[in-house]
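> input_7.pdb is reproduced in full below (PDB, C-alpha atoms).
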```pdb
ATOM      1  CA  MET A  63       8.097  -3.215  -0.811
ATOM      2  CA  ALA A  64       6.889  -5.618   1.876
ATOM      3  CA  ASP A  65       3.668  -7.517   1.220
ATOM      4  CA  ASN A  66       1.491  -6.768   4.240
ATOM      5  CA  ASP A  67      -1.969  -7.023   2.684
ATOM      6  CA  THR A  68      -3.083 -10.030   4.757
ATOM      7  CA  VAL A  69      -1.807  -8.370   7.936
ATOM      8  CA  LEU A  70      -3.829  -5.216   7.236
ATOM      9  CA  THR A  71      -6.911  -7.349   6.578
ATOM     10  CA  ALA A  72      -6.427  -9.193   9.875
ATOM     11  CA  ALA A  73      -5.915  -5.894  11.714
ATOM     12  CA  ALA A  74      -9.316  -4.711  10.514
ATOM     13  CA  ALA A  75     -10.972  -7.988  11.525
ATOM     14  CA  TRP A  76      -9.343  -8.034  14.988
ATOM     15  CA  LYS A  77      -9.723  -4.337  15.763
ATOM     16  CA  GLY A  78     -10.272  -3.621  19.448
ATOM     17  CA  GLU A  79      -8.744  -6.928  20.588
ATOM     18  CA  PRO A  80      -5.323  -7.353  22.277
ATOM     19  CA  MET A  81      -2.560  -7.701  19.664
ATOM     20  CA  ALA A  82       1.156  -7.248  19.115
ATOM     21  CA  LEU A  83       2.859  -6.245  15.890
ATOM     22  CA  ALA A  84       6.221  -7.649  14.831
ATOM     23  CA  THR A  85       8.157  -5.745  12.145
ATOM     24  CA  VAL A  86      11.434  -6.465  10.364
ATOM     25  CA  VAL A  87      13.408  -3.265  10.990
ATOM     26  CA  SER A  88      16.865  -4.351   9.762
ATOM     27  CA  THR A  89      18.258  -7.056   7.474
ATOM     28  CA  TRP A  90      21.759  -8.273   6.598
ATOM     29  CA  GLY A  91      22.812 -10.857   4.069
ATOM     30  CA  SER A  92      20.269 -13.304   2.676
ATOM     31  CA  ALA A  93      17.384 -12.339   4.937
ATOM     32  CA  PRO A  94      14.204 -14.173   3.858
ATOM     33  CA  ARG A  95      11.810 -11.221   4.326
ATOM     34  CA  PRO A  96      12.395  -7.552   3.467
ATOM     35  CA  ARG A  97      12.441  -4.633   5.880
ATOM     36  CA  GLY A  98       8.939  -3.546   6.768
ATOM     37  CA  SER A  99       7.471  -7.057   6.748
ATOM     38  CA  HIS A 100       4.875  -7.553   9.476
ATOM     39  CA  MET A 101       3.548 -10.383  11.586
ATOM     40  CA  LEU A 102       0.404  -9.541  13.582
ATOM     41  CA  VAL A 103      -0.231 -11.669  16.677
ATOM     42  CA  HIS A 104      -3.585 -11.954  18.459
ATOM     43  CA  ALA A 105      -3.784 -12.575  22.209
ATOM     44  CA  ASP A 106      -5.396 -15.967  21.559
ATOM     45  CA  GLY A 107      -2.374 -17.138  19.554
ATOM     46  CA  ARG A 108      -3.660 -16.513  16.053
ATOM     47  CA  PHE A 109      -1.251 -14.700  13.773
ATOM     48  CA  GLU A 110      -1.038 -13.363  10.244
ATOM     49  CA  GLY A 111       1.971 -12.500   8.135
ATOM     50  CA  SER A 112       5.623 -13.462   8.431
ATOM     51  CA  VAL A 113       8.946 -11.945   9.423
ATOM     52  CA  SER A 114      11.262 -14.758   8.345
ATOM     53  CA  GLY A 115       9.326 -17.277   6.296
ATOM     54  CA  GLY A 116       9.140 -19.637   9.289
ATOM     55  CA  CYS A 117      12.637 -19.592  10.829
ATOM     56  CA  VAL A 118      11.965 -17.449  13.908
ATOM     57  CA  GLU A 119       8.185 -17.142  14.058
ATOM     58  CA  GLY A 120       7.937 -19.425  17.111
ATOM     59  CA  ASP A 121      10.192 -17.157  19.142
ATOM     60  CA  ILE A 122       8.337 -14.075  17.924
ATOM     61  CA  LEU A 123       5.052 -15.609  19.090
ATOM     62  CA  ASP A 124       6.507 -16.022  22.587
ATOM     63  CA  THR A 125       7.806 -12.440  22.624
ATOM     64  CA  ALA A 126       4.482 -11.126  21.319
ATOM     65  CA  ALA A 127       2.582 -12.932  24.081
ATOM     66  CA  LYS A 128       4.762 -11.198  26.684
ATOM     67  CA  VAL A 129       4.249  -7.804  25.046
ATOM     68  CA  ILE A 130       0.484  -8.316  24.939
ATOM     69  CA  ALA A 131       0.614  -9.232  28.644
ATOM     70  CA  GLY A 132       2.311  -5.915  29.439
ATOM     71  CA  ALA A 133       6.020  -6.352  28.804
ATOM     72  CA  PRO A 134       7.729  -3.412  27.048
ATOM     73  CA  PHE A 135       8.385  -3.439  23.333
ATOM     74  CA  SER A 136      11.584  -5.167  22.273
ATOM     75  CA  VAL A 137      13.885  -5.542  19.307
ATOM     76  CA  GLN A 138      14.967  -9.144  18.750
ATOM     77  CA  LYS A 139      18.018  -9.975  16.631
ATOM     78  CA  TYR A 140      18.459 -13.304  14.869
ATOM     79  CA  GLY A 141      21.242 -14.702  12.747
ATOM     80  CA  VAL A 142      23.177 -17.829  11.864
ATOM     81  CA  ALA A 143      25.967 -16.761  14.225
ATOM     82  CA  ASP A 144      23.664 -17.125  17.247
ATOM     83  CA  ASP A 145      24.181 -20.127  19.520
ATOM     84  CA  SER A 146      20.532 -20.964  18.930
ATOM     85  CA  ALA A 147      20.722 -20.364  15.174
ATOM     86  CA  TRP A 148      19.190 -23.671  14.208
ATOM     87  CA  GLU A 149      16.519 -23.382  16.872
ATOM     88  CA  VAL A 150      15.294 -19.813  16.410
ATOM     89  CA  GLY A 151      17.835 -18.392  13.971
ATOM     90  CA  LEU A 152      18.336 -18.138  10.257
ATOM     91  CA  PRO A 153      20.165 -21.153   8.829
ATOM     92  CA  CYS A 154      20.036 -19.459   5.417
ATOM     93  CA  GLY A 155      22.878 -17.244   6.599
ATOM     94  CA  GLY A 156      21.134 -13.891   6.909
ATOM     95  CA  GLU A 157      20.466 -11.731   9.942
ATOM     96  CA  ILE A 158      17.391  -9.744  10.882
ATOM     97  CA  ALA A 159      16.222  -7.436  13.653
ATOM     98  CA  VAL A 160      12.539  -7.646  14.526
ATOM     99  CA  MET A 161      10.698  -5.093  16.633
ATOM    100  CA  VAL A 162       7.722  -6.380  18.634
ATOM    101  CA  GLN A 163       5.395  -3.675  19.924
ATOM    102  CA  PRO A 164       1.910  -3.617  21.422
ATOM    103  CA  VAL A 165      -0.979  -2.564  19.220
ATOM    104  CA  SER A 166      -1.979   0.271  21.525
ATOM    105  CA  ALA A 167      -1.638   4.010  21.990
ATOM    106  CA  GLU A 168       1.776   3.342  23.565
ATOM    107  CA  GLY A 169       2.972   1.366  20.539
ATOM    108  CA  PHE A 170       1.302   1.028  17.180
ATOM    109  CA  ASP A 171      -2.014   2.894  17.608
ATOM    110  CA  PRO A 172      -4.901   0.826  16.131
ATOM    111  CA  GLU A 173      -6.119   3.976  14.365
ATOM    112  CA  LEU A 174      -2.983   3.880  12.226
ATOM    113  CA  PHE A 175      -4.308   0.749  10.547
ATOM    114  CA  ASP A 176      -7.449   2.704   9.593
ATOM    115  CA  ARG A 177      -5.373   5.568   8.211
ATOM    116  CA  ILE A 178      -3.253   3.163   6.174
ATOM    117  CA  ALA A 179      -6.346   1.431   4.776
ATOM    118  CA  ALA A 180      -7.973   4.762   3.858
ATOM    119  CA  ALA A 181      -4.868   5.971   2.022
ATOM    120  CA  ARG A 182      -4.502   2.711   0.125
ATOM    121  CA  ASP A 183      -8.176   2.828  -0.889
ATOM    122  CA  GLU A 184      -7.479   6.237  -2.428
ATOM    123  CA  GLY A 185      -4.453   4.871  -4.304
ATOM    124  CA  LYS A 186      -2.021   6.756  -2.077
ATOM    125  CA  ALA A 187       1.033   5.652  -0.114
ATOM    126  CA  LEU A 188       1.400   6.372   3.597
ATOM    127  CA  THR A 189       4.576   6.321   5.714
ATOM    128  CA  VAL A 190       4.589   5.444   9.413
ATOM    129  CA  THR A 191       7.678   6.297  11.453
ATOM    130  CA  THR A 192       8.753   4.498  14.629
ATOM    131  CA  ASP A 193      11.107   5.771  17.311
ATOM    132  CA  LEU A 194      13.216   2.689  18.027
ATOM    133  CA  SER A 195      14.122   4.034  21.458
ATOM    134  CA  THR A 196      10.503   4.097  22.624
ATOM    135  CA  GLY A 197       8.746   1.715  20.224
ATOM    136  CA  HIS A 198       6.110   4.353  19.461
ATOM    137  CA  SER A 199       4.818   4.687  15.880
ATOM    138  CA  ASP A 200       3.265   7.806  14.388
ATOM    139  CA  LEU A 201       2.560   9.560  11.102
ATOM    140  CA  ARG A 202       4.688  12.510  12.201
ATOM    141  CA  PRO A 203       8.428  12.463  11.463
ATOM    142  CA  VAL A 204      10.634  11.595  14.432
ATOM    143  CA  GLU A 205      13.156  14.374  14.962
ATOM    144  CA  THR A 206      15.860  12.598  16.988
ATOM    145  CA  GLY A 207      17.172   9.136  17.769
ATOM    146  CA  GLU A 208      17.105   5.981  15.677
ATOM    147  CA  VAL A 209      14.062   5.927  13.425
ATOM    148  CA  PHE A 210      12.435   3.264  11.287
ATOM    149  CA  ALA A 211      10.125   4.398   8.478
ATOM    150  CA  ASN A 212       7.726   1.960   6.849
ATOM    151  CA  ARG A 213       5.951   2.896   3.623
ATOM    152  CA  TYR A 214       2.584   1.310   2.840
ATOM    153  CA  ASP A 215       1.936   1.418  -0.890
ATOM    154  CA  PRO A 216      -1.500   1.067  -2.498
ATOM    155  CA  PRO A 217      -2.561  -2.524  -3.215
ATOM    156  CA  ARG A 218      -1.435  -3.881  -6.550
ATOM    157  CA  ARG A 219      -4.084  -4.015  -9.235
ATOM    158  CA  LEU A 220      -4.325  -5.725 -12.625
ATOM    159  CA  LEU A 221      -6.696  -4.568 -15.364
ATOM    160  CA  ILE A 222      -7.175  -7.347 -17.927
ATOM    161  CA  VAL A 223      -8.789  -6.184 -21.172
ATOM    162  CA  GLY A 224     -10.412  -9.028 -23.083
ATOM    163  CA  ALA A 225     -12.251 -11.861 -21.327
ATOM    164  CA  VAL A 226     -10.495 -14.615 -23.293
ATOM    165  CA  GLN A 227      -9.055 -17.960 -22.200
ATOM    166  CA  ILE A 228      -5.631 -16.540 -21.306
ATOM    167  CA  ALA A 229      -7.426 -13.986 -19.157
ATOM    168  CA  GLN A 230      -9.016 -16.798 -17.141
ATOM    169  CA  SER A 231      -5.607 -18.247 -16.269
ATOM    170  CA  LEU A 232      -4.047 -14.833 -15.668
ATOM    171  CA  ALA A 233      -6.877 -13.698 -13.389
ATOM    172  CA  ALA A 234      -6.582 -16.849 -11.280
ATOM    173  CA  LEU A 235      -2.792 -16.503 -11.055
ATOM    174  CA  ALA A 236      -2.971 -12.810 -10.151
ATOM    175  CA  ARG A 237      -5.370 -13.571  -7.326
ATOM    176  CA  THR A 238      -2.934 -16.089  -5.834
ATOM    177  CA  LEU A 239      -0.312 -13.327  -5.946
ATOM    178  CA  GLY A 240      -2.602 -11.074  -3.922
ATOM    179  CA  ILE A 241      -3.233  -8.699  -6.821
ATOM    180  CA  GLU A 242      -6.685  -7.159  -7.137
ATOM    181  CA  THR A 243      -7.922  -8.165 -10.586
ATOM    182  CA  ILE A 244     -10.545  -6.585 -12.842
ATOM    183  CA  VAL A 245     -11.521  -8.075 -16.194
ATOM    184  CA  ILE A 246     -12.813  -5.554 -18.737
ATOM    185  CA  ASP A 247     -14.818  -6.527 -21.805
ATOM    186  CA  PRO A 248     -17.971  -4.988 -23.332
ATOM    187  CA  ARG A 249     -18.930  -8.374 -24.812
ATOM    188  CA  GLY A 250     -21.492  -9.915 -22.486
ATOM    189  CA  ARG A 251     -21.057 -13.468 -23.749
ATOM    190  CA  PHE A 252     -17.359 -13.362 -22.849
ATOM    191  CA  LEU A 253     -17.631 -11.516 -19.551
ATOM    192  CA  THR A 254     -19.528 -13.858 -17.238
ATOM    193  CA  GLY A 255     -19.242 -14.858 -13.605
ATOM    194  CA  GLU A 256     -19.088 -18.507 -14.602
ATOM    195  CA  ARG A 257     -15.964 -17.921 -16.678
ATOM    196  CA  PHE A 258     -14.391 -15.587 -14.112
ATOM    197  CA  PRO A 259     -15.483 -16.644 -10.622
ATOM    198  CA  ASP A 260     -14.589 -14.332  -7.748
ATOM    199  CA  VAL A 261     -13.173 -11.693 -10.104
ATOM    200  CA  GLN A 262     -14.495  -8.169 -10.511
ATOM    201  CA  LEU A 263     -16.035  -7.664 -13.965
ATOM    202  CA  ASP A 264     -16.368  -4.374 -15.866
ATOM    203  CA  ASP A 265     -18.476  -4.271 -19.042
ATOM    204  CA  ARG A 266     -17.768  -0.653 -19.946
ATOM    205  CA  TRP A 267     -15.985   0.242 -23.168
ATOM    206  CA  PRO A 268     -12.276  -0.336 -22.440
ATOM    207  CA  ASP A 269     -11.028   3.250 -22.686
ATOM    208  CA  ASP A 270     -13.761   4.431 -20.303
ATOM    209  CA  ALA A 271     -13.128   1.513 -17.937
ATOM    210  CA  VAL A 272      -9.349   1.904 -17.844
ATOM    211  CA  ALA A 273      -9.582   5.655 -17.287
ATOM    212  CA  ALA A 274     -12.154   5.164 -14.519
ATOM    213  CA  TRP A 275      -9.829   2.798 -12.631
ATOM    214  CA  LYS A 276      -7.124   5.509 -12.658
ATOM    215  CA  PRO A 277      -4.048   3.311 -13.204
ATOM    216  CA  GLY A 278      -1.072   4.356 -11.114
ATOM    217  CA  PRO A 279       2.351   3.001 -10.122
ATOM    218  CA  ALA A 280       0.700  -0.022  -8.466
ATOM    219  CA  THR A 281      -1.411  -0.943 -11.511
ATOM    220  CA  ALA A 282      -0.743  -3.156 -14.532
ATOM    221  CA  VAL A 283      -2.841  -3.113 -17.697
ATOM    222  CA  VAL A 284      -2.798  -6.058 -20.115
ATOM    223  CA  THR A 285      -4.766  -6.271 -23.357
ATOM    224  CA  LEU A 286      -5.617  -9.771 -24.584
ATOM    225  CA  SER A 287      -8.711  -9.552 -26.801
ATOM    226  CA  HIS A 288      -6.968  -9.650 -30.237
ATOM    227  CA  ASP A 289      -9.674  -7.166 -31.309
ATOM    228  CA  THR A 290      -8.231  -3.772 -32.193
ATOM    229  CA  LYS A 291     -11.558  -2.078 -31.424
ATOM    230  CA  ILE A 292     -11.198  -3.275 -27.828
ATOM    231  CA  ASP A 293      -7.449  -3.354 -27.265
ATOM    232  CA  ASP A 294      -6.374  -0.088 -28.899
ATOM    233  CA  PRO A 295      -8.644   2.264 -26.894
ATOM    234  CA  ALA A 296      -7.551   0.514 -23.692
ATOM    235  CA  LEU A 297      -3.878   0.911 -24.589
ATOM    236  CA  ILE A 298      -4.317   4.603 -25.377
ATOM    237  CA  ALA A 299      -5.928   5.164 -21.968
ATOM    238  CA  ALA A 300      -3.279   3.078 -20.197
ATOM    239  CA  LEU A 301      -0.343   4.819 -21.884
ATOM    240  CA  ARG A 302      -1.722   8.199 -20.865
ATOM    241  CA  SER A 303      -1.717   7.056 -17.242
ATOM    242  CA  ASP A 304       1.011   6.275 -14.710
ATOM    243  CA  ALA A 305       0.475   2.498 -14.933
ATOM    244  CA  ALA A 306       3.542   0.521 -13.864
ATOM    245  CA  TYR A 307       3.160  -2.020 -16.656
ATOM    246  CA  VAL A 308       1.324  -2.040 -19.995
ATOM    247  CA  GLY A 309       1.350  -5.269 -21.993
ATOM    248  CA  ALA A 310      -0.335  -6.279 -25.234
ATOM    249  CA  LEU A 311      -0.819  -9.768 -26.642
ATOM    250  CA  GLY A 312       0.101 -10.435 -30.256
ATOM    251  CA  SER A 313       2.858 -11.467 -32.630
ATOM    252  CA  ARG A 314       5.769  -9.204 -33.510
ATOM    253  CA  LYS A 315       4.117  -8.463 -36.835
ATOM    254  CA  SER A 316       0.780  -7.542 -35.242
ATOM    255  CA  HIS A 317       2.576  -5.466 -32.614
ATOM    256  CA  ALA A 318       4.381  -3.476 -35.321
ATOM    257  CA  ALA A 319       1.022  -2.745 -36.952
ATOM    258  CA  ARG A 320      -0.381  -1.802 -33.535
ATOM    259  CA  LEU A 321       2.427   0.702 -32.973
ATOM    260  CA  ASP A 322       1.620   2.330 -36.322
ATOM    261  CA  ARG A 323      -2.067   2.646 -35.397
ATOM    262  CA  LEU A 324      -1.328   4.087 -31.971
ATOM    263  CA  ALA A 325       1.201   6.547 -33.394
ATOM    264  CA  ALA A 326      -1.451   7.706 -35.852
ATOM    265  CA  ALA A 327      -3.777   8.176 -32.872
ATOM    266  CA  GLY A 328      -1.329  10.673 -31.393
ATOM    267  CA  LEU A 329       0.772   8.669 -28.957
ATOM    268  CA  SER A 330       4.432   9.664 -28.694
ATOM    269  CA  PRO A 331       7.407   7.350 -29.278
ATOM    270  CA  GLU A 332       8.110   7.483 -25.524
ATOM    271  CA  GLN A 333       4.576   6.334 -24.734
ATOM    272  CA  LEU A 334       4.702   3.554 -27.321
ATOM    273  CA  ALA A 335       8.004   2.311 -25.912
ATOM    274  CA  ARG A 336       6.242   1.537 -22.647
ATOM    275  CA  ILE A 337       4.244  -1.296 -24.221
ATOM    276  CA  ASP A 338       5.538  -4.789 -23.523
ATOM    277  CA  GLY A 339       4.657  -6.404 -26.802
ATOM    278  CA  PRO A 340       4.546  -9.228 -27.516
ATOM    279  CA  VAL A 341       3.503  -9.396 -23.874
ATOM    280  CA  GLY A 342       5.347 -11.396 -21.234
ATOM    281  CA  ILE A 343       8.790 -12.814 -20.532
ATOM    282  CA  ASP A 344      10.011 -15.267 -23.150
ATOM    283  CA  ILE A 345       9.873 -18.660 -21.438
ATOM    284  CA  GLY A 346       8.839 -20.562 -24.565
ATOM    285  CA  ALA A 347       5.259 -20.553 -23.284
ATOM    286  CA  ILE A 348       2.726 -22.854 -24.950
ATOM    287  CA  GLY A 349      -0.955 -22.688 -24.077
ATOM    288  CA  PRO A 350      -3.003 -20.201 -22.038
ATOM    289  CA  SER A 351      -1.671 -21.119 -18.594
ATOM    290  CA  GLU A 352       1.995 -20.822 -19.567
ATOM    291  CA  ILE A 353       1.367 -17.567 -21.426
ATOM    292  CA  ALA A 354      -0.405 -16.241 -18.332
ATOM    293  CA  LEU A 355       2.633 -17.211 -16.251
ATOM    294  CA  SER A 356       4.972 -15.316 -18.588
ATOM    295  CA  ILE A 357       2.730 -12.237 -18.372
ATOM    296  CA  ALA A 358       2.530 -12.422 -14.583
ATOM    297  CA  ALA A 359       6.337 -12.667 -14.358
ATOM    298  CA  ALA A 360       6.792  -9.572 -16.535
ATOM    299  CA  MET A 361       4.197  -7.700 -14.483
ATOM    300  CA  ILE A 362       5.882  -8.550 -11.184
ATOM    301  CA  ALA A 363       9.251  -7.507 -12.633
ATOM    302  CA  ALA A 364       7.754  -4.134 -13.567
ATOM    303  CA  PHE A 365       6.289  -3.671 -10.086
ATOM    304  CA  HIS A 366       9.796  -4.176  -8.715
ATOM    305  CA  GLY A 367      11.340  -1.794 -11.224
ATOM    306  CA  LYS A 368      13.068  -4.521 -13.190
ATOM    307  CA  ALA A 369      12.897  -4.981 -16.950
ATOM    308  CA  GLY A 370      11.457  -8.315 -18.083
ATOM    309  CA  GLY A 371      12.502 -10.351 -21.070
TER     310      GLY A 371
END
```
In structure tokens, how does this file's structure come out?

Amino acid sequence: MADNDTVLTAAAAWKGEPMALATVVSTWGSAPRPRGSHMLVHADGRFEGSVSGGCVEGDILDTAAKVIAGAPFSVQKYGVADDSAWEVGLPCGGEIAVMVQPVSAEGFDPELFDRIAAARDEGKALTVTTDLSTGHSDLRPVETGEVFANRYDPPRRLLIVGAVQIAQSLAALARTLGIETIVIDPRGRFLTGERFPDVQLDDRWPDDAVAAWKPGPATAVVTLSHDTKIDDPALIAALRSDAAYVGALGSRKSHAARLDRLAAAGLSPEQLARIDGPVGIDIGAIGPSEIALSIAAAMIAAFHGKAGG
């Protein structure tokens, strides 16, 4: 999955203005950015996103300027074998093909950005297909020719249950990773804007809150309160959802007791096996910030379909 959140935000802010969209359509070897990665270029030279992590962006800016001025769409190929590899290529050894198309009805229709945003807001994925012979993108499948399909998944979300010190570090870290973060805790003295600046707060009882957020494949749920009255209801709600990752703080002994309680509450062995407990990847973490890092690493691994630990 390519991370295009900042590009979609810029597209909304720049709507109606001349733009070009660069997209990684093919990769070989150790390419620095995955297929589907975008770089959005404004006519005034501003840009958002990346197609190579910095190796070829300068050349893409030049190509985008020409496309905005009326040149046809193009597919640029870069690799270490190019004569200009060290100038506009990929010294890391990979190769990429980047399509640059106008943001217009003849290329990537601006309304597609709105459709993508609406689907993501509803927690749904949307796929846009592009005919690489014409450079035209649409929601309808392309019947013939070479086609590139780009899937836009819902934004990643983290539900943190328990407004404790680890939650402060984890919320800050998740935000830097571009993950929408909600801290849930019915205890007003814990859940304050001063302790969690710029983070969405939810003071509902955890099972109601978790269920209301409708966790799906782009959502992680982590319980940190150490209070069974708060953590257990949240875990029950999370394990009955399609959340990508469910983690629970605690020692091995406390986790064993937790599994007994949740089994008595009616959860199946398969549901209980989904809990990452004790939560996080074992990095020998000491202190709230390091524990938060271990949790974030396990969460990201789950988002990518990899087992942590």
> In Å, how far is it from atom CA of A:Val162 to atom CA of A:Asp65?
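Atom CA of A:Asp65 lies at a distance of 17.9 Å from atom CA of A:Val162.
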> For A:Asp344, which of A:Val87, A:Ser287, A:Thr189, A:Ile357 is the closest residue, counting only C-alpha atoms?
A:Ile357
> Residues within 8 Å of stretch 100-115 of chain A, please, as an mmCIF file with C-alpha atoms, in the frame of the given file. Count all atoms listed in the file; anything in the same chain fewer than 6 positions from it doesn't count.

```cif
data_model
loop_
_atom_site.group_PDB
_atom_site.id
_atom_site.type_symbol
_atom_site.label_atom_id
_atom_site.label_comp_id
_atom_site.auth_asym_id
_atom_site.auth_seq_id
_atom_site.Cartn_x
_atom_site.Cartn_y
_atom_site.Cartn_z
ATOM 1 C CA ASN A 66 1.491 -6.768 4.240
ATOM 2 C CA THR A 68 -3.083 -10.030 4.757
ATOM 3 C CA VAL A 69 -1.807 -8.370 7.936
ATOM 4 C CA ALA A 72 -6.427 -9.193 9.875
ATOM 5 C CA ALA A 73 -5.915 -5.894 11.714
ATOM 6 C CA TRP A 76 -9.343 -8.034 14.988
ATOM 7 C CA GLU A 79 -8.744 -6.928 20.588
ATOM 8 C CA PRO A 80 -5.323 -7.353 22.277
ATOM 9 C CA MET A 81 -2.560 -7.701 19.664
ATOM 10 C CA ALA A 82 1.156 -7.248 19.115
ATOM 11 C CA LEU A 83 2.859 -6.245 15.890
ATOM 12 C CA ALA A 84 6.221 -7.649 14.831
ATOM 13 C CA THR A 85 8.157 -5.745 12.145
ATOM 14 C CA VAL A 86 11.434 -6.465 10.364
ATOM 15 C CA ALA A 93 17.384 -12.339 4.937
ATOM 16 C CA PRO A 94 14.204 -14.173 3.858
ATOM 17 C CA LEU A 123 5.052 -15.609 19.090
ATOM 18 C CA ALA A 126 4.482 -11.126 21.319
ATOM 19 C CA ALA A 127 2.582 -12.932 24.081
ATOM 20 C CA ILE A 130 0.484 -8.316 24.939
ATOM 21 C CA VAL A 160 12.539 -7.646 14.526
#
```
> Can you pull out every residue within 10 Å of A:Ala236, counting all atoms listed in the file, but drop anything in the same chain fewer than 3 positions away, and send it as a list in words?
Arg218, Arg219, Leu220, Ser231, Leu232, Ala233, Leu239, Gly240, Ile241, Glu242, Thr243, Ala354, Leu355, Ala358, Met361 and Ile362 of chain A
> For the selection you just gave me, I'd like the residues written to a file as a PDB file, in the coordinates of the input, keeping C-alpha atoms.

```
ATOM      1  CA  ARG A 218      -1.435  -3.881  -6.550  1.00  0.00           C
ATOM      2  CA  ARG A 219      -4.084  -4.015  -9.235  1.00  0.00           C
ATOM      3  CA  LEU A 220      -4.325  -5.725 -12.625  1.00  0.00           C
ATOM      4  CA  SER A 231      -5.607 -18.247 -16.269  1.00  0.00           C
ATOM      5  CA  LEU A 232      -4.047 -14.833 -15.668  1.00  0.00           C
ATOM      6  CA  ALA A 233      -6.877 -13.698 -13.389  1.00  0.00           C
ATOM      7  CA  LEU A 239      -0.312 -13.327  -5.946  1.00  0.00           C
ATOM      8  CA  GLY A 240      -2.602 -11.074  -3.922  1.00  0.00           C
ATOM      9  CA  ILE A 241      -3.233  -8.699  -6.821  1.00  0.00           C
ATOM     10  CA  GLU A 242      -6.685  -7.159  -7.137  1.00  0.00           C
ATOM     11  CA  THR A 243      -7.922  -8.165 -10.586  1.00  0.00           C
ATOM     12  CA  ALA A 354      -0.405 -16.241 -18.332  1.00  0.00           C
ATOM     13  CA  LEU A 355       2.633 -17.211 -16.251  1.00  0.00           C
ATOM     14  CA  ALA A 358       2.530 -12.422 -14.583  1.00  0.00           C
ATOM     15  CA  MET A 361       4.197  -7.700 -14.483  1.00  0.00           C
ATOM     16  CA  ILE A 362       5.882  -8.550 -11.184  1.00  0.00           C
TER      17      ILE A 362
END
```
> Quick one: residues within 12 Å of A:Asp171, all atoms listed in the file, excluding same-chain residues fewer than 2 positions away - as a list in words?
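Neighbouring residues, sequence-local ones excluded: Ala73, Lys77, Gly78, Pro80, Met81, Ala82, Leu83, Gln163, Pro164, Val165, Ser166, Ala167, Glu168, Gly169, Glu173, Leu174, Phe175, Asp176, Arg177, Ile178, Val190, Thr191, Thr192, Gly197, His198, Ser199, Asp200 and Leu201 of chain A.
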> Once you count all atoms listed in the file, what closest atom pair and distance in Å to one decimal does each residue of stretch 246-301 of chain A within 8 Å of stretch 321-340 of chain A have, with rows by chain and rising residue number, as a tab-separated table?

```
residue	atom	partner	partner_atom	distance
A:Asp294	CA	A:Leu324	CA	7.2
A:Ile298	CA	A:Leu324	CA	7.3
A:Leu301	CA	A:Gln333	CA	5.9
```
> Please list as number ranges by chain every residue within 12 Å of A:Ala180, counting all atoms listed in the file and excluding residues in the same chain fewer than 3 positions away.
A: 70, 74, 173-177, 183-188, 214-217
> To one decimal in Å, tell me the separation between atom CA of A:Ala225 and atom CA of A:Leu263.
9.3 Å
> Which residue is closest to A:Leu194? Choose from A:Ala181, A:Ile343, A:Met161, A:Leu221 and count all atoms listed in the file.
A:Met161
> Determine, counting all atoms listed in the file, which protein, DNA and RNA residues have an atom within 9 Å of an atom of A:Lys276; residues of the same chain fewer than 2 positions away are not included. Present the result as a PyMOL selection string.
chain A and resi 185+271-274+278+281+300+303-305
> Take the PyMOL selection byres ((chain A and resi 312) around 10), run it mentally on this structure, and tell me the resulting residues as number ranges by chain.
A: 285-288, 309-311, 313-318, 320, 339-341
> Can you measure atom CA of A:Ala133 to atom CA of A:Gly116 for me? One decimal in Å is fine.
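Between atom CA of A:Ala133 and atom CA of A:Gly116 the gap works out to 23.8 Å.
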> Pick from A:Gly224, A:Gly120, A:Trp275, A:Val284: nearest to A:Phe258, with only C-alpha atoms counted?
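The closest residue to A:Phe258 is A:Gly224.
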> Can you tell me, as lines of an AutoDock Vina configuration file, the centre and edge lengths (Å, one decimal) of the axis-aligned box enclosing all of stretch 166-184 of chain A's listed atoms after padding each side by 8 Å?

```
center_x = -2.6
center_y = 3.3
center_z = 10.6
size_x = 27.1
size_y = 22.0
size_z = 42.0
```
> Counting all atoms listed in the file, which residue out of A:Trp267, A:Phe135, A:Ile228, A:Arg302 sits closest to A:Ile348?
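For A:Ile348, the nearest of the candidates is A:Ile228.
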> Would you please work out which residue, of A:Val129, A:Val209, A:Ile246, A:Ala159, is nearest to A:Val226 when using all atoms listed in the file?
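Smallest separation from A:Val226 among the options: A:Ile246.
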